[in-house]
$ cat protein.pdb   # PDB, C-alpha atoms, pLDDT in the B column
ATOM      1  CA  ASP A   1     -31.957 -42.091 -37.358  1.00 90.00           C
ATOM      2  CA  PHE A   2     -34.240 -45.145 -37.394  1.00 92.00           C
ATOM      3  CA  THR A   3     -36.579 -43.653 -39.989  1.00 92.00           C
ATOM      4  CA  ALA A   4     -33.704 -42.394 -42.126  1.00 91.00           C
ATOM      5  CA  ALA A   5     -32.002 -45.798 -42.095  1.00 94.00           C
ATOM      6  CA  LEU A   6     -35.201 -47.621 -43.096  1.00 96.00           C
ATOM      7  CA  ALA A   7     -36.811 -44.951 -45.296  1.00 93.00           C
ATOM      8  CA  ASP A   8     -36.654 -46.970 -48.530  1.00 92.00           C
ATOM      9  CA  ILE A   9     -37.445 -50.415 -47.159  1.00 97.00           C
ATOM     10  CA  TYR A  10     -40.897 -49.570 -48.497  1.00 97.00           C
ATOM     11  CA  GLU A  11     -40.033 -47.682 -51.686  1.00 94.00           C
ATOM     12  CA  HIS A  12     -40.004 -43.896 -51.134  1.00 93.00           C
ATOM     13  CA  SER A  13     -42.281 -44.362 -48.102  1.00 96.00           C
ATOM     14  CA  PRO A  14     -40.439 -43.374 -44.911  1.00 97.00           C
ATOM     15  CA  TRP A  15     -43.762 -43.036 -43.103  1.00 97.00           C
ATOM     16  CA  VAL A  16     -43.907 -46.863 -42.894  1.00 98.00           C
ATOM     17  CA  ALA A  17     -40.658 -46.969 -40.893  1.00 97.00           C
ATOM     18  CA  GLU A  18     -41.839 -44.057 -38.763  1.00 96.00           C
ATOM     19  CA  ALA A  19     -45.120 -45.824 -37.959  1.00 96.00           C
ATOM     20  CA  ALA A  20     -43.293 -49.086 -37.204  1.00 96.00           C
ATOM     21  CA  LEU A  21     -41.046 -47.297 -34.720  1.00 94.00           C
ATOM     22  CA  GLN A  22     -44.075 -46.881 -32.454  1.00 92.00           C
ATOM     23  CA  ARG A  23     -44.239 -50.689 -32.120  1.00 92.00           C
ATOM     24  CA  ARG A  24     -40.692 -51.174 -30.760  1.00 92.00           C
ATOM     25  CA  PRO A  25     -38.764 -52.875 -29.301  1.00 92.00           C
ATOM     26  CA  PHE A  26     -37.882 -55.439 -31.961  1.00 95.00           C
ATOM     27  CA  ALA A  27     -36.218 -58.579 -30.656  1.00 95.00           C
ATOM     28  CA  ARG A  28     -35.704 -59.976 -34.150  1.00 96.00           C
ATOM     29  CA  LEU A  29     -35.665 -58.811 -37.734  1.00 96.00           C
ATOM     30  CA  LYS A  30     -38.957 -60.666 -38.187  1.00 96.00           C
ATOM     31  CA  ASP A  31     -40.514 -58.425 -35.516  1.00 97.00           C
ATOM     32  CA  LEU A  32     -39.353 -55.278 -37.299  1.00 97.00           C
ATOM     33  CA  HIS A  33     -40.705 -56.555 -40.613  1.00 98.00           C
ATOM     34  CA  GLU A  34     -44.032 -57.420 -38.998  1.00 97.00           C
ATOM     35  CA  ALA A  35     -44.279 -53.934 -37.473  1.00 97.00           C
ATOM     36  CA  MET A  36     -43.606 -52.346 -40.861  1.00 98.00           C
ATOM     37  CA  ARG A  37     -46.037 -54.721 -42.556  1.00 98.00           C
ATOM     38  CA  ALA A  38     -48.722 -53.899 -39.977  1.00 97.00           C
ATOM     39  CA  ALA A  39     -48.146 -50.176 -40.481  1.00 97.00           C
ATOM     40  CA  LEU A  40     -48.926 -50.533 -44.171  1.00 98.00           C
ATOM     41  CA  LEU A  41     -51.797 -52.974 -43.715  1.00 97.00           C
ATOM     42  CA  THR A  42     -53.562 -50.660 -41.252  1.00 97.00           C
ATOM     43  CA  ALA A  43     -53.174 -47.639 -43.533  1.00 97.00           C
ATOM     44  CA  ASP A  44     -56.064 -46.496 -45.671  1.00 97.00           C
ATOM     45  CA  ASP A  45     -56.309 -47.592 -49.304  1.00 97.00           C
ATOM     46  CA  ALA A  46     -55.042 -44.248 -50.611  1.00 97.00           C
ATOM     47  CA  ARG A  47     -51.842 -44.593 -48.612  1.00 97.00           C
ATOM     48  CA  LYS A  48     -51.440 -48.237 -49.678  1.00 98.00           C
ATOM     49  CA  ARG A  49     -51.926 -47.215 -53.317  1.00 98.00           C
ATOM     50  CA  ALA A  50     -49.303 -44.474 -52.868  1.00 97.00           C
ATOM     51  CA  VAL A  51     -46.793 -47.106 -51.694  1.00 98.00           C
ATOM     52  CA  LEU A  52     -47.596 -49.218 -54.734  1.00 98.00           C
ATOM     53  CA  ASN A  53     -47.225 -46.220 -57.029  1.00 97.00           C
ATOM     54  CA  ALA A  54     -43.831 -45.413 -55.516  1.00 95.00           C
ATOM     55  CA  HIS A  55     -42.490 -48.571 -57.188  1.00 93.00           C
ATOM     56  CA  PRO A  56     -40.967 -48.325 -60.652  1.00 89.00           C
ATOM     57  CA  ASP A  57     -41.976 -50.376 -63.673  1.00 87.00           C
ATOM     58  CA  LEU A  58     -39.849 -53.491 -64.103  1.00 87.00           C
ATOM     59  CA  ALA A  59     -37.287 -52.997 -66.886  1.00 82.00           C
ATOM     60  CA  GLY A  60     -38.992 -49.659 -67.443  1.00 77.00           C
ATOM     61  CA  ARG A  61     -38.022 -46.177 -68.507  1.00 70.00           C
ATOM     62  CA  LEU A  62     -36.606 -45.180 -65.095  1.00 61.00           C
ATOM     63  CA  ALA A  63     -34.251 -48.159 -65.213  1.00 69.00           C
ATOM     64  CA  VAL A  64     -33.117 -47.245 -68.714  1.00 65.00           C
ATOM     65  CA  ARG A  65     -32.439 -43.665 -67.584  1.00 70.00           C
ATOM     66  CA  GLY A  66     -30.657 -44.855 -64.417  1.00 71.00           C
ATOM     67  CA  GLU A  67     -33.213 -43.189 -62.136  1.00 71.00           C
ATOM     68  CA  LEU A  68     -34.111 -46.105 -59.836  1.00 74.00           C
ATOM     69  CA  THR A  69     -33.326 -46.175 -56.142  1.00 77.00           C
ATOM     70  CA  ALA A  70     -30.162 -48.100 -55.286  1.00 82.00           C
ATOM     71  CA  GLU A  71     -32.332 -50.899 -53.890  1.00 86.00           C
ATOM     72  CA  SER A  72     -34.468 -51.194 -57.027  1.00 86.00           C
ATOM     73  CA  THR A  73     -31.402 -51.052 -59.264  1.00 82.00           C
ATOM     74  CA  THR A  74     -29.773 -53.931 -57.369  1.00 87.00           C
ATOM     75  CA  GLU A  75     -32.982 -55.990 -57.303  1.00 88.00           C
ATOM     76  CA  GLN A  76     -33.707 -55.555 -60.997  1.00 88.00           C
ATOM     77  CA  ALA A  77     -30.075 -56.296 -61.906  1.00 86.00           C
ATOM     78  CA  SER A  78     -30.139 -59.481 -59.785  1.00 89.00           C
ATOM     79  CA  ALA A  79     -32.934 -60.725 -62.036  1.00 89.00           C
ATOM     80  CA  GLY A  80     -31.061 -59.721 -65.178  1.00 88.00           C
ATOM     81  CA  LEU A  81     -33.570 -57.022 -66.059  1.00 88.00           C
ATOM     82  CA  ASP A  82     -30.674 -54.742 -66.950  1.00 87.00           C
ATOM     83  CA  LYS A  83     -29.647 -57.243 -69.627  1.00 89.00           C
ATOM     84  CA  CYS A  84     -32.920 -57.687 -71.510  1.00 89.00           C
ATOM     85  CA  SER A  85     -32.724 -58.527 -75.180  1.00 89.00           C
ATOM     86  CA  PRO A  86     -34.546 -56.086 -77.460  1.00 89.00           C
ATOM     87  CA  ASP A  87     -37.449 -58.556 -77.679  1.00 93.00           C
ATOM     88  CA  GLU A  88     -37.612 -58.956 -73.885  1.00 91.00           C
ATOM     89  CA  PHE A  89     -37.446 -55.219 -73.357  1.00 90.00           C
ATOM     90  CA  ARG A  90     -40.238 -54.726 -75.910  1.00 92.00           C
ATOM     91  CA  ARG A  91     -42.350 -57.364 -74.105  1.00 95.00           C
ATOM     92  CA  PHE A  92     -41.753 -55.741 -70.706  1.00 94.00           C
ATOM     93  CA  THR A  93     -42.729 -52.367 -72.189  1.00 93.00           C
ATOM     94  CA  GLU A  94     -45.916 -53.824 -73.704  1.00 96.00           C
ATOM     95  CA  LEU A  95     -46.868 -55.523 -70.441  1.00 96.00           C
ATOM     96  CA  ASN A  96     -46.064 -52.462 -68.317  1.00 95.00           C
ATOM     97  CA  ASP A  97     -48.221 -50.314 -70.599  1.00 96.00           C
ATOM     98  CA  ALA A  98     -51.114 -52.816 -70.656  1.00 97.00           C
ATOM     99  CA  TYR A  99     -50.933 -53.263 -66.897  1.00 97.00           C
ATOM    100  CA  ARG A 100     -50.977 -49.496 -66.307  1.00 96.00           C
ATOM    101  CA  ARG A 101     -54.042 -49.186 -68.553  1.00 97.00           C
ATOM    102  CA  LYS A 102     -55.842 -51.822 -66.478  1.00 98.00           C
ATOM    103  CA  PHE A 103     -54.646 -51.010 -62.950  1.00 98.00           C
ATOM    104  CA  PRO A 104     -53.969 -47.702 -61.173  1.00 97.00           C
ATOM    105  CA  PHE A 105     -50.528 -48.897 -59.969  1.00 97.00           C
ATOM    106  CA  PRO A 106     -47.483 -50.602 -61.509  1.00 97.00           C
ATOM    107  CA  PHE A 107     -46.861 -54.335 -61.699  1.00 97.00           C
ATOM    108  CA  ILE A 108     -44.907 -55.239 -58.580  1.00 97.00           C
ATOM    109  CA  MET A 109     -42.974 -58.424 -57.984  1.00 97.00           C
ATOM    110  CA  ALA A 110     -40.122 -59.321 -55.657  1.00 97.00           C
ATOM    111  CA  VAL A 111     -37.696 -60.086 -58.485  1.00 96.00           C
ATOM    112  CA  LYS A 112     -34.530 -60.773 -56.528  1.00 93.00           C
ATOM    113  CA  GLY A 113     -33.283 -64.208 -57.558  1.00 90.00           C
ATOM    114  CA  ARG A 114     -35.948 -64.630 -60.245  1.00 94.00           C
ATOM    115  CA  SER A 115     -35.328 -65.100 -63.958  1.00 94.00           C
ATOM    116  CA  ARG A 116     -36.673 -62.814 -66.661  1.00 93.00           C
ATOM    117  CA  ALA A 117     -38.821 -65.732 -67.893  1.00 93.00           C
ATOM    118  CA  GLU A 118     -40.350 -66.210 -64.414  1.00 96.00           C
ATOM    119  CA  ILE A 119     -41.081 -62.502 -64.142  1.00 96.00           C
ATOM    120  CA  LEU A 120     -42.659 -62.320 -67.589  1.00 95.00           C
ATOM    121  CA  GLY A 121     -44.737 -65.423 -66.787  1.00 96.00           C
ATOM    122  CA  ALA A 122     -46.024 -63.861 -63.569  1.00 97.00           C
ATOM    123  CA  PHE A 123     -46.738 -60.630 -65.419  1.00 96.00           C
ATOM    124  CA  GLU A 124     -48.731 -62.478 -68.080  1.00 96.00           C
ATOM    125  CA  ARG A 125     -50.754 -64.381 -65.444  1.00 97.00           C
ATOM    126  CA  ARG A 126     -51.431 -61.510 -63.105  1.00 98.00           C
ATOM    127  CA  ILE A 127     -52.535 -59.037 -65.765  1.00 97.00           C
ATOM    128  CA  HIS A 128     -55.763 -61.080 -65.985  1.00 97.00           C
ATOM    129  CA  HIS A 129     -56.642 -60.518 -62.316  1.00 98.00           C
ATOM    130  CA  ASP A 130     -59.425 -58.189 -61.282  1.00 98.00           C
ATOM    131  CA  GLU A 131     -58.317 -55.015 -59.506  1.00 98.00           C
ATOM    132  CA  ALA A 132     -59.026 -56.202 -55.948  1.00 98.00           C
ATOM    133  CA  THR A 133     -57.099 -59.442 -56.448  1.00 98.00           C
ATOM    134  CA  GLU A 134     -54.174 -57.647 -58.038  1.00 98.00           C
ATOM    135  CA  PHE A 135     -54.140 -54.938 -55.368  1.00 98.00           C
ATOM    136  CA  ALA A 136     -53.782 -57.664 -52.722  1.00 98.00           C
ATOM    137  CA  ALA A 137     -51.111 -59.470 -54.783  1.00 98.00           C
ATOM    138  CA  ALA A 138     -49.126 -56.262 -55.260  1.00 98.00           C
ATOM    139  CA  LEU A 139     -49.218 -55.542 -51.519  1.00 98.00           C
ATOM    140  CA  GLN A 140     -47.961 -59.059 -50.763  1.00 98.00           C
ATOM    141  CA  GLU A 141     -45.085 -58.533 -53.188  1.00 98.00           C
ATOM    142  CA  VAL A 142     -44.246 -55.194 -51.529  1.00 98.00           C
ATOM    143  CA  HIS A 143     -43.981 -56.989 -48.188  1.00 98.00           C
ATOM    144  CA  LYS A 144     -41.670 -59.617 -49.737  1.00 97.00           C
ATOM    145  CA  ILE A 145     -39.484 -56.856 -51.183  1.00 97.00           C
ATOM    146  CA  ALA A 146     -39.347 -55.155 -47.780  1.00 98.00           C
ATOM    147  CA  LEU A 147     -38.257 -58.357 -46.046  1.00 98.00           C
ATOM    148  CA  LEU A 148     -35.522 -58.946 -48.626  1.00 96.00           C
ATOM    149  CA  ARG A 149     -34.311 -55.363 -48.179  1.00 95.00           C
ATOM    150  CA  LEU A 150     -34.247 -55.708 -44.399  1.00 97.00           C
ATOM    151  CA  ARG A 151     -32.221 -58.893 -44.714  1.00 96.00           C
ATOM    152  CA  ASP A 152     -29.733 -57.055 -46.911  1.00 93.00           C
ATOM    153  CA  LEU A 153     -29.028 -54.380 -44.278  1.00 90.00           C
TER     154      LEU A 153
END

$ encode --input "protein.pdb" --output "structure tokens"
Amino acid sequence: DFTAALADIYEHSPWVAEAALQRRPFARLKDLHEAMRAALLTADDARKRAVLNAHPDLAGRLAVRGELTAESTTEQASAGLDKCSPDEFRRFTELNDAYRRKFPFPFIMAVKGRSRAEILGAFERRIHHDEATEFAAALQEVHKIALLRLRDL
């Protein structure tokens, strides 16, 4: 039940919840988040990369087709990514494509409560990172997303 309830805290990665379960009990939400964070941080790079690759592109094709998880749909909508102008959508598409050419994972940002301009600005800054720096940044954003999702339970 625990794993099923927390399966998508880390996008399409129920193994994170399962690994965190071994670290119980959790006195506070912060403790649960830290256990889940530690599970991912102690995983090998291939497993970390798989978690990153489980995330959808922001304002991407899956969103247009309505194929995001409920959590991703809500998060992207909270940032207004479902209301992009044609020019904004074109810019997101260009950046997603350029980012995917440079890095072997999608651009990830905890977008809840952020504006489209903030997200595009972060995208435009981070695309210039080297792979190791961006890998670390993407993992930090995944942990932020997880904490926000836990708080929403």

$ resolve_selection --input "protein.pdb" --expression "the PyMOL selection byres ((chain A and resi 125-127) around 12)" --output "ChimeraX atom specification"
/A:94-103,105-109,118-124,128-138

$ atom_distance --input "protein.pdb" --atom1 "CA of Pro86 (chain A)" --atom2 "CA of Val142 (chain A)"
27.7 Å

$ resolve_selection --input "protein.pdb" --expression "the PyMOL selection byres ((chain A and resi 143) around 12)" --output "mmCIF file with C-alpha atoms, in the frame of the given file"
data_model
loop_
_atom_site.group_PDB
_atom_site.id
_atom_site.type_symbol
_atom_site.label_atom_id
_atom_site.label_comp_id
_atom_site.auth_asym_id
_atom_site.auth_seq_id
_atom_site.Cartn_x
_atom_site.Cartn_y
_atom_site.Cartn_z
ATOM 1 C CA ILE A 9 -37.445 -50.415 -47.159
ATOM 2 C CA TYR A 10 -40.897 -49.570 -48.497
ATOM 3 C CA GLU A 11 -40.033 -47.682 -51.686
ATOM 4 C CA VAL A 16 -43.907 -46.863 -42.894
ATOM 5 C CA LYS A 30 -38.957 -60.666 -38.187
ATOM 6 C CA LEU A 32 -39.353 -55.278 -37.299
ATOM 7 C CA HIS A 33 -40.705 -56.555 -40.613
ATOM 8 C CA GLU A 34 -44.032 -57.420 -38.998
ATOM 9 C CA ALA A 35 -44.279 -53.934 -37.473
ATOM 10 C CA MET A 36 -43.606 -52.346 -40.861
ATOM 11 C CA ARG A 37 -46.037 -54.721 -42.556
ATOM 12 C CA ALA A 38 -48.722 -53.899 -39.977
ATOM 13 C CA ALA A 39 -48.146 -50.176 -40.481
ATOM 14 C CA LEU A 40 -48.926 -50.533 -44.171
ATOM 15 C CA LEU A 41 -51.797 -52.974 -43.715
ATOM 16 C CA LYS A 48 -51.440 -48.237 -49.678
ATOM 17 C CA VAL A 51 -46.793 -47.106 -51.694
ATOM 18 C CA LEU A 52 -47.596 -49.218 -54.734
ATOM 19 C CA ILE A 108 -44.907 -55.239 -58.580
ATOM 20 C CA MET A 109 -42.974 -58.424 -57.984
ATOM 21 C CA ALA A 110 -40.122 -59.321 -55.657
ATOM 22 C CA ALA A 136 -53.782 -57.664 -52.722
ATOM 23 C CA ALA A 137 -51.111 -59.470 -54.783
ATOM 24 C CA ALA A 138 -49.126 -56.262 -55.260
ATOM 25 C CA LEU A 139 -49.218 -55.542 -51.519
ATOM 26 C CA GLN A 140 -47.961 -59.059 -50.763
ATOM 27 C CA GLU A 141 -45.085 -58.533 -53.188
ATOM 28 C CA VAL A 142 -44.246 -55.194 -51.529
ATOM 29 C CA LYS A 144 -41.670 -59.617 -49.737
ATOM 30 C CA ILE A 145 -39.484 -56.856 -51.183
ATOM 31 C CA ALA A 146 -39.347 -55.155 -47.780
ATOM 32 C CA LEU A 147 -38.257 -58.357 -46.046
ATOM 33 C CA LEU A 148 -35.522 -58.946 -48.626
ATOM 34 C CA ARG A 149 -34.311 -55.363 -48.179
ATOM 35 C CA LEU A 150 -34.247 -55.708 -44.399
#

$ resolve_selection --input "protein.pdb" --expression "the PyMOL selection byres ((chain A and resi 80) around 10)" --output "MDAnalysis selection string"
chainID A and resid 59 74:79 81:84 111:116

$ atom_distance --input "protein.pdb" --atom1 "CA of Glu71 (chain A)" --atom2 "CA of Asp44 (chain A)"
25.5 Å

$ atom_distance --input "protein.pdb" --atom1 "CA of Thr69 (chain A)" --atom2 "CA of Asp45 (chain A)"
24.0 Å

$ residues_near_point --input "protein.pdb" --point "(-38.2, -49.0, -66.9)" --cutoff "10 Å" --atoms "all atoms listed in the file" --output "number ranges by chain"
A: 56-68, 76, 81-82, 89, 92-93, 96

$ residues_near_point --input "protein.pdb" --point "(-38.9, -44.2, -38.6)" --cutoff "10 Å" --atoms "only C-alpha atoms" --output "short mmCIF file (atom, residue, chain, number, x, y, z; two decimals) with C-alpha atoms, in the coordinates of the input"
data_model
loop_
_atom_site.label_atom_id
_atom_site.label_comp_id
_atom_site.auth_asym_id
_atom_site.auth_seq_id
_atom_site.Cartn_x
_atom_site.Cartn_y
_atom_site.Cartn_z
CA ASP A 1 -31.96 -42.09 -37.36
CA PHE A 2 -34.24 -45.14 -37.39
CA THR A 3 -36.58 -43.65 -39.99
CA ALA A 4 -33.70 -42.39 -42.13
CA ALA A 5 -32.00 -45.80 -42.10
CA LEU A 6 -35.20 -47.62 -43.10
CA ALA A 7 -36.81 -44.95 -45.30
CA PRO A 14 -40.44 -43.37 -44.91
CA TRP A 15 -43.76 -43.04 -43.10
CA VAL A 16 -43.91 -46.86 -42.89
CA ALA A 17 -40.66 -46.97 -40.89
CA GLU A 18 -41.84 -44.06 -38.76
CA ALA A 19 -45.12 -45.82 -37.96
CA ALA A 20 -43.29 -49.09 -37.20
CA LEU A 21 -41.05 -47.30 -34.72
CA GLN A 22 -44.08 -46.88 -32.45
CA MET A 36 -43.61 -52.35 -40.86
#
